[in-house]
Structure formats: structure tokens, C-alpha cells
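Participant: mmCIF, C-alpha atoms and all ligand atoms, file run10.cif:
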data_run
loop_
_atom_site.group_PDB
_atom_site.id
_atom_site.type_symbol
_atom_site.label_atom_id
_atom_site.label_comp_id
_atom_site.auth_asym_id
_atom_site.auth_seq_id
_atom_site.Cartn_x
_atom_site.Cartn_y
_atom_site.Cartn_z
ATOM 1 C CA MET C 1 81.295 119.379 102.192
ATOM 2 C CA SER C 2 82.050 115.659 102.073
ATOM 3 C CA SER C 3 80.378 113.103 104.298
ATOM 4 C CA THR C 4 81.139 109.520 105.236
ATOM 5 C CA PRO C 5 78.665 107.162 103.587
ATOM 6 C CA HIS C 6 76.472 105.243 105.985
ATOM 7 C CA LEU C 7 77.615 101.671 106.499
ATOM 8 C CA ARG C 8 75.550 99.273 108.549
ATOM 9 C CA PRO C 9 77.553 97.905 111.513
ATOM 10 C CA HIS C 10 79.491 94.792 110.506
ATOM 11 C CA PHE C 11 77.414 94.632 107.340
ATOM 12 C CA TRP C 12 79.748 92.051 105.795
ATOM 13 C CA GLN C 13 78.794 89.583 108.528
ATOM 14 C CA HIS C 14 75.054 90.208 108.467
ATOM 15 C CA TYR C 15 74.125 90.620 104.817
ATOM 16 C CA SER C 16 74.875 88.716 101.658
ATOM 17 C CA LEU C 17 76.934 90.394 98.952
ATOM 18 C CA SER C 18 73.827 90.955 96.847
ATOM 19 C CA GLU C 19 72.151 92.814 99.746
ATOM 20 C CA LEU C 20 74.832 95.465 100.182
ATOM 21 C CA THR C 21 74.383 99.133 99.432
ATOM 22 C CA HIS C 22 76.680 100.752 96.898
ATOM 23 C CA ALA C 23 78.704 102.360 99.688
ATOM 24 C CA GLU C 24 79.073 99.054 101.523
ATOM 25 C CA TRP C 25 80.118 97.276 98.358
ATOM 26 C CA GLU C 26 82.760 99.888 97.621
ATOM 27 C CA ALA C 27 84.025 99.815 101.220
ATOM 28 C CA LEU C 28 84.999 96.166 100.783
ATOM 29 C CA CYS C 29 87.694 97.019 98.249
ATOM 30 C CA ASP C 30 91.050 97.473 99.961
ATOM 31 C CA GLY C 31 92.481 99.331 96.970
ATOM 32 C CA CYS C 32 95.329 96.869 96.485
ATOM 33 C CA GLY C 33 95.183 97.274 92.697
ATOM 34 C CA THR C 34 95.946 93.618 92.033
ATOM 35 C CA CYS C 35 92.938 93.187 89.764
ATOM 36 C CA CYS C 36 94.395 95.934 87.536
ATOM 37 C CA LEU C 37 97.428 93.825 86.649
ATOM 38 C CA ASN C 38 97.611 91.926 83.369
ATOM 39 C CA LYS C 39 97.089 88.254 84.022
ATOM 40 C CA PHE C 40 96.745 84.999 82.175
ATOM 41 C CA LEU C 41 93.688 82.906 82.887
ATOM 42 C CA ASP C 42 93.391 79.165 82.738
ATOM 43 C CA GLU C 43 91.976 78.319 79.296
ATOM 44 C CA ASP C 44 89.879 75.487 80.684
ATOM 45 C CA GLU C 45 88.817 77.297 83.853
ATOM 46 C CA PRO C 46 88.783 81.001 82.946
ATOM 47 C CA ALA C 47 87.314 81.976 86.307
ATOM 48 C CA GLU C 48 90.474 80.726 87.954
ATOM 49 C CA ALA C 49 93.823 82.396 88.285
ATOM 50 C CA VAL C 50 96.365 82.137 86.672
ATOM 51 C CA ALA C 51 99.510 83.865 86.341
ATOM 52 C CA TYR C 52 99.682 87.506 87.277
ATOM 53 C CA THR C 53 102.241 89.815 85.747
ATOM 54 C CA ASP C 54 103.546 93.076 87.178
ATOM 55 C CA VAL C 55 102.286 94.912 84.099
ATOM 56 C CA ALA C 56 99.384 97.204 84.930
ATOM 57 C CA CYS C 57 96.402 98.492 83.003
ATOM 58 C CA GLN C 58 96.989 101.696 81.072
ATOM 59 C CA LEU C 59 94.891 103.692 83.560
ATOM 60 C CA LEU C 60 96.639 102.511 86.702
ATOM 61 C CA ASP C 61 98.906 104.998 88.408
ATOM 62 C CA CYS C 62 101.790 102.698 89.276
ATOM 63 C CA ASP C 63 103.084 105.031 91.985
ATOM 64 C CA THR C 64 99.854 105.201 93.970
ATOM 65 C CA GLY C 65 98.289 101.920 92.830
ATOM 66 C CA PHE C 66 94.986 103.663 92.082
ATOM 67 C CA CYS C 67 93.008 103.974 88.870
ATOM 68 C CA SER C 68 93.665 107.408 87.415
ATOM 69 C CA ASN C 69 90.152 107.755 85.973
ATOM 70 C CA TYR C 70 87.890 105.447 87.943
ATOM 71 C CA PRO C 71 84.522 107.158 87.187
ATOM 72 C CA ASN C 72 85.087 107.019 83.411
ATOM 73 C CA ARG C 73 87.320 103.976 83.251
ATOM 74 C CA GLN C 74 85.108 101.910 80.987
ATOM 75 C CA ASP C 75 85.187 104.588 78.295
ATOM 76 C CA TYR C 76 88.905 103.858 78.022
ATOM 77 C CA VAL C 77 89.155 100.258 79.194
ATOM 78 C CA PRO C 78 85.947 98.468 78.188
ATOM 79 C CA ALA C 79 87.363 95.209 79.517
ATOM 80 C CA CYS C 80 87.660 96.592 83.039
ATOM 81 C CA VAL C 81 85.474 94.413 85.222
ATOM 82 C CA ASN C 82 82.671 96.264 86.926
ATOM 83 C CA LEU C 83 82.516 93.808 89.777
ATOM 84 C CA THR C 84 79.057 92.873 91.046
ATOM 85 C CA ALA C 85 77.831 90.032 93.231
ATOM 86 C CA ASP C 86 76.525 88.054 90.268
ATOM 87 C CA LYS C 87 79.920 88.136 88.548
ATOM 88 C CA LEU C 88 81.913 86.726 91.434
ATOM 89 C CA ALA C 89 81.596 83.106 90.365
ATOM 90 C CA GLN C 90 83.451 84.099 87.206
ATOM 91 C CA THR C 91 86.120 86.142 88.948
ATOM 92 C CA MET C 92 87.842 83.652 91.181
ATOM 93 C CA TRP C 93 91.066 84.832 89.628
ATOM 94 C CA LEU C 94 90.966 87.645 92.184
ATOM 95 C CA PRO C 95 93.785 87.367 94.745
ATOM 96 C CA SER C 96 93.097 85.303 97.849
ATOM 97 C CA HIS C 97 93.031 88.335 100.168
ATOM 98 C CA CYS C 98 90.397 90.217 98.112
ATOM 99 C CA ALA C 99 87.346 90.841 100.301
ATOM 100 C CA TYR C 100 84.875 90.090 97.517
ATOM 101 C CA LYS C 101 86.408 86.707 96.842
ATOM 102 C CA ARG C 102 86.768 85.905 100.527
ATOM 103 C CA LEU C 103 83.155 86.736 101.364
ATOM 104 C CA TYR C 104 81.923 84.880 98.297
ATOM 105 C CA LEU C 105 83.836 81.822 99.544
ATOM 106 C CA GLY C 106 82.424 82.200 103.068
ATOM 107 C CA GLN C 107 85.686 83.438 104.570
ATOM 108 C CA ASN C 108 86.328 86.356 106.924
ATOM 109 C CA LEU C 109 87.847 89.671 106.006
ATOM 110 C CA PRO C 110 91.615 89.796 106.526
ATOM 111 C CA ASP C 111 92.423 91.099 110.005
ATOM 112 C CA TRP C 112 94.223 94.111 108.496
ATOM 113 C CA HIS C 113 91.164 95.234 106.496
ATOM 114 C CA LEU C 114 90.088 98.812 107.169
ATOM 115 C CA LEU C 115 86.575 97.675 108.069
ATOM 116 C CA VAL C 116 88.115 95.518 110.783
ATOM 117 C CA THR C 117 90.824 97.842 112.089
ATOM 118 C CA GLY C 118 89.007 101.170 111.612
ATOM 119 C CA ASP C 119 92.458 102.721 111.368
ATOM 120 C CA ALA C 120 93.993 103.535 107.975
ATOM 121 C CA GLU C 121 97.556 103.488 109.314
ATOM 122 C CA VAL C 122 97.146 100.100 110.938
ATOM 123 C CA THR C 123 95.630 98.781 107.731
ATOM 124 C CA ALA C 124 98.400 100.210 105.559
ATOM 125 C CA LYS C 125 101.008 98.657 107.850
ATOM 126 C CA GLY C 126 99.210 95.313 107.828
ATOM 127 C CA MET C 127 98.991 95.298 104.049
ATOM 128 C CA ARG C 128 102.670 96.142 103.715
ATOM 129 C CA HIS C 129 103.556 93.413 106.164
ATOM 130 C CA ALA C 130 101.454 90.913 104.200
ATOM 131 C CA GLY C 131 103.065 92.017 100.935
ATOM 132 C CA ILE C 132 99.801 93.271 99.456
ATOM 133 C CA GLY C 133 99.453 96.165 97.039
ATOM 134 C CA VAL C 134 100.835 97.018 93.621
ATOM 135 C CA ALA C 135 101.883 100.632 94.301
ATOM 136 C CA GLY C 136 105.522 101.050 93.393
ATOM 137 C CA ARG C 137 105.798 97.441 92.234
ATOM 138 C CA CYS C 138 104.320 97.512 88.748
ATOM 139 C CA VAL C 139 104.908 99.026 85.322
ATOM 140 C CA SER C 140 102.399 100.343 82.807
ATOM 141 C CA GLU C 141 101.324 98.282 79.833
ATOM 142 C CA VAL C 142 101.488 101.386 77.644
ATOM 143 C CA GLY C 143 103.891 100.746 74.779
ATOM 144 C CA MET C 144 104.535 97.175 75.849
ATOM 145 C CA GLU C 145 104.303 94.237 73.445
ATOM 146 C CA GLU C 146 102.369 91.083 74.375
ATOM 147 C CA GLU C 147 105.611 89.070 74.364
ATOM 148 C CA GLU C 148 107.161 91.416 76.906
ATOM 149 C CA ILE C 149 104.117 91.106 79.155
ATOM 150 C CA GLU C 150 104.330 87.311 79.012
ATOM 151 C CA GLU C 151 107.855 87.499 80.378
ATOM 152 C CA ARG C 152 106.816 89.479 83.452
ATOM 153 C CA ILE C 153 104.924 86.843 85.423
ATOM 154 C CA ILE C 154 105.239 87.351 89.174
ATOM 155 C CA ARG C 155 103.998 85.457 92.226
ATOM 156 C CA TRP C 156 103.614 88.168 94.844
ATOM 157 C CA ALA C 157 100.208 89.278 93.560
ATOM 158 C CA GLU C 158 98.417 86.068 94.407
ATOM 159 C CA VAL C 159 98.358 86.496 98.187
HETATM 160 S S1 LIG S 201 91.802 92.780 94.072
HETATM 161 FE FE1 LIG S 201 89.891 93.095 95.207
HETATM 162 S S2 LIG S 201 90.468 94.370 96.953
HETATM 163 FE FE2 LIG S 201 92.130 94.554 95.449
HETATM 164 S S3 LIG S 201 91.607 96.371 94.210
HETATM 165 FE FE3 LIG S 201 90.760 94.568 93.166
HETATM 166 S S4 LIG S 201 88.627 94.403 93.894
HETATM 167 FE FE4 LIG S 201 89.738 95.765 95.332
HETATM 168 S S1 LIG S 202 90.428 100.827 84.210
HETATM 169 FE FE1 LIG S 202 91.111 101.419 86.257
HETATM 170 S S2 LIG S 202 90.037 100.012 87.655
HETATM 171 FE FE2 LIG S 202 89.909 99.137 85.574
HETATM 172 S S3 LIG S 202 91.665 97.722 85.414
HETATM 173 FE FE3 LIG S 202 92.310 99.715 84.603
HETATM 174 S S4 LIG S 202 93.271 100.769 86.339
HETATM 175 FE FE4 LIG S 202 92.054 99.082 87.167
#
Will you turn the file into C-alpha cells for me?
Ligand code: SF4
Ligand code: SF4
Facilitator:
Amino acid sequence: MSSTPHLRPHFWQHYSLSELTHAEWEALCDGCGTCCLNKFLDEDEPAEAVAYTDVACQLLDCDTGFCSNYPNRQDYVPACVNLTADKLAQTMWLPSHCAYKRLYLGQNLPDWHLLVTGDAEVTAKGMRHAGIGVAGRCVSEVGMEEEEIEERIIRWAEV
């Protein structure tokens, strides 16, 4: 039998990122999949984005936009970032709507975020309307040469 993990009411407004429980931390992710796209970082400021491409990590399911092996992902993709509060200063290449980046920068959650709406359909509609999410919009990096990836820079992922 599954159960909904306990989340403290409006925890994102009352606690710092380093004070969150595992369940609260995970609940911040909207599942957009943007961080799973290949991207080019600024050589001088590697924490900053950057140019995203529409080429996704080998483990991303490009139809659903979800990691196909999230629990064991680092066995296959050691470079996959296991995001924690102390790494956020180095991960400002995350898209501007990402809850982790927004809270780190002292901003609110987007008004379409599931923690705000409490309604998955409303959230899905809001994300679509805002143009957020990689599902159905990306291709796998498997079998792709670096030069091909460099030619697939897109702008829609930065929102
Ligand atoms: S960009 Fe942020 S919100 Fe989107 S999947 Fe990655 S961590 Fe989650
Ligand atoms: S391993 Fe999974 S979570 Fe990590 S970048 Fe790849 S698809 Fe995304």
C-alpha cells in the first residue's frame, strides 16, 4: 500500500532548503526534465547557463520526460547531478522556473507549481501554457556525435 509522504504545510516558505526533509526536497521538483538536457556552460562562470540543447541524457525517456532509471541513475550516468542544498550555488544553470533555483534566489514558486495548485491537472495545464517540460520535445543523445549535439541549441528550455 502506498502512502503520501508527510509534507509540512507551506514548508518552502517556512524552512530553508537545507532544513527540508527528503520528501519535501523531492516535492519541489516539477519533473520538467530540463536539467536532463545536454547543455553548454559558460567557461568562465560554469555555474551559469548557457546554451541548452534539445538532446537528452541517455536515460531520459523523451516521450514522458522522466528518467527511466532514477534510483540507479548514477550507476549509468555518474555525471548526473544529485542536487542538494549545498550544490545550488554551482547549479545556477538550472532553468529560471526550477523551484530549487527560485528558492535559492529568494523567489516564490511558480503559480502553476503542484505545491501551490494542489491539482495535477491545473499544474500540467499551467506548465504547458508556460512552455515548460521536455516531454515530446527532445531526442536522445544515444548514438549522437558531439558535433551534432552542438548544432541543436534551443532557447525554449531556459524559461
Ligand atoms: S530543472 Fe529543476 S524542476 Fe525541472 S526536473 Fe530539473 S530539478 Fe526538477
Ligand atoms: S540520469 Fe536520469 S535524472 Fe540524471 S540527467 Fe540522466 S535522465 Fe536526468
Participant: Enumerate residues in contact with ligand LIG 201 (chain S): an atom-to-atom distance of at most 10 Å, counting all atoms listed in the file. Format the result as an mmCIF file with C-alpha atoms, in the coordinates of the input.
Facilitator:
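And here is the file that came out, selection29.cif:
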data_model
loop_
_atom_site.group_PDB
_atom_site.id
_atom_site.type_symbol
_atom_site.label_atom_id
_atom_site.label_comp_id
_atom_site.auth_asym_id
_atom_site.auth_seq_id
_atom_site.Cartn_x
_atom_site.Cartn_y
_atom_site.Cartn_z
ATOM 1 C CA GLU C 26 82.760 99.888 97.621
ATOM 2 C CA ALA C 27 84.025 99.815 101.220
ATOM 3 C CA LEU C 28 84.999 96.166 100.783
ATOM 4 C CA CYS C 29 87.694 97.019 98.249
ATOM 5 C CA ASP C 30 91.050 97.473 99.961
ATOM 6 C CA GLY C 31 92.481 99.331 96.970
ATOM 7 C CA CYS C 32 95.329 96.869 96.485
ATOM 8 C CA GLY C 33 95.183 97.274 92.697
ATOM 9 C CA THR C 34 95.946 93.618 92.033
ATOM 10 C CA CYS C 35 92.938 93.187 89.764
ATOM 11 C CA CYS C 36 94.395 95.934 87.536
ATOM 12 C CA LEU C 37 97.428 93.825 86.649
ATOM 13 C CA GLY C 65 98.289 101.920 92.830
ATOM 14 C CA PHE C 66 94.986 103.663 92.082
ATOM 15 C CA CYS C 67 93.008 103.974 88.870
ATOM 16 C CA VAL C 81 85.474 94.413 85.222
ATOM 17 C CA ASN C 82 82.671 96.264 86.926
ATOM 18 C CA LEU C 83 82.516 93.808 89.777
ATOM 19 C CA THR C 91 86.120 86.142 88.948
ATOM 20 C CA TRP C 93 91.066 84.832 89.628
ATOM 21 C CA LEU C 94 90.966 87.645 92.184
ATOM 22 C CA PRO C 95 93.785 87.367 94.745
ATOM 23 C CA SER C 96 93.097 85.303 97.849
ATOM 24 C CA HIS C 97 93.031 88.335 100.168
ATOM 25 C CA CYS C 98 90.397 90.217 98.112
ATOM 26 C CA ALA C 99 87.346 90.841 100.301
ATOM 27 C CA TYR C 100 84.875 90.090 97.517
ATOM 28 C CA LYS C 101 86.408 86.707 96.842
ATOM 29 C CA ARG C 102 86.768 85.905 100.527
ATOM 30 C CA HIS C 113 91.164 95.234 106.496
ATOM 31 C CA ILE C 132 99.801 93.271 99.456
ATOM 32 C CA GLY C 133 99.453 96.165 97.039
ATOM 33 C CA VAL C 134 100.835 97.018 93.621
ATOM 34 C CA ALA C 157 100.208 89.278 93.560
ATOM 35 C CA GLU C 158 98.417 86.068 94.407
ATOM 36 C CA VAL C 159 98.358 86.496 98.187
#
Participant: Around ligand LIG 202 (chain S), out to 6 Å and counting all atoms listed in the file, which residues are there? I want them as a PDB file with C-alpha atoms, in the coordinates of the input.
Facilitator:
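Below is the file part_32.pdb, written as the result:
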ATOM      1  CA  CYS C  36      94.395  95.934  87.536  1.00  0.00           C
ATOM      2  CA  CYS C  57      96.402  98.492  83.003  1.00  0.00           C
ATOM      3  CA  LEU C  59      94.891 103.692  83.560  1.00  0.00           C
ATOM      4  CA  LEU C  60      96.639 102.511  86.702  1.00  0.00           C
ATOM      5  CA  CYS C  67      93.008 103.974  88.870  1.00  0.00           C
ATOM      6  CA  TYR C  70      87.890 105.447  87.943  1.00  0.00           C
ATOM      7  CA  ARG C  73      87.320 103.976  83.251  1.00  0.00           C
ATOM      8  CA  VAL C  77      89.155 100.258  79.194  1.00  0.00           C
ATOM      9  CA  CYS C  80      87.660  96.592  83.039  1.00  0.00           C
TER      10      CYS C  80
END
Participant: Excluding Leu115 (chain C) and any residue of its chain fewer than 2 positions from it, enumerate the residues within 10 Å of it, using all atoms listed in the file, and give them as a CSV table (one decimal) with C-alpha atoms, in the coordinates of the input.
Facilitator:
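Final file, part-v3.csv:
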chain,number,residue,atom,x,y,z
C,7,LEU,CA,77.6,101.7,106.5
C,9,PRO,CA,77.6,97.9,111.5
C,10,HIS,CA,79.5,94.8,110.5
C,11,PHE,CA,77.4,94.6,107.3
C,12,TRP,CA,79.7,92.1,105.8
C,27,ALA,CA,84.0,99.8,101.2
C,28,LEU,CA,85.0,96.2,100.8
C,29,CYS,CA,87.7,97.0,98.2
C,30,ASP,CA,91.0,97.5,100.0
C,109,LEU,CA,87.8,89.7,106.0
C,110,PRO,CA,91.6,89.8,106.5
C,111,ASP,CA,92.4,91.1,110.0
C,112,TRP,CA,94.2,94.1,108.5
C,113,HIS,CA,91.2,95.2,106.5
C,117,THR,CA,90.8,97.8,112.1
C,118,GLY,CA,89.0,101.2,111.6
C,119,ASP,CA,92.5,102.7,111.4
C,120,ALA,CA,94.0,103.5,108.0
C,123,THR,CA,95.6,98.8,107.7
Participant: Record the distance separating CA of Glu146 (chain C) and CA of Asn72 (chain C), expressed in Å with one decimal.
Facilitator: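 CA of Asn72 (chain C) lies at a distance of 25.2 Å from CA of Glu146 (chain C).
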Participant: Which distance in Å separates CA of Ser18 (chain C) and CA of Ala85 (chain C), to one decimal?
Facilitator: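 Computing it gives 5.5 Å between the two atoms.
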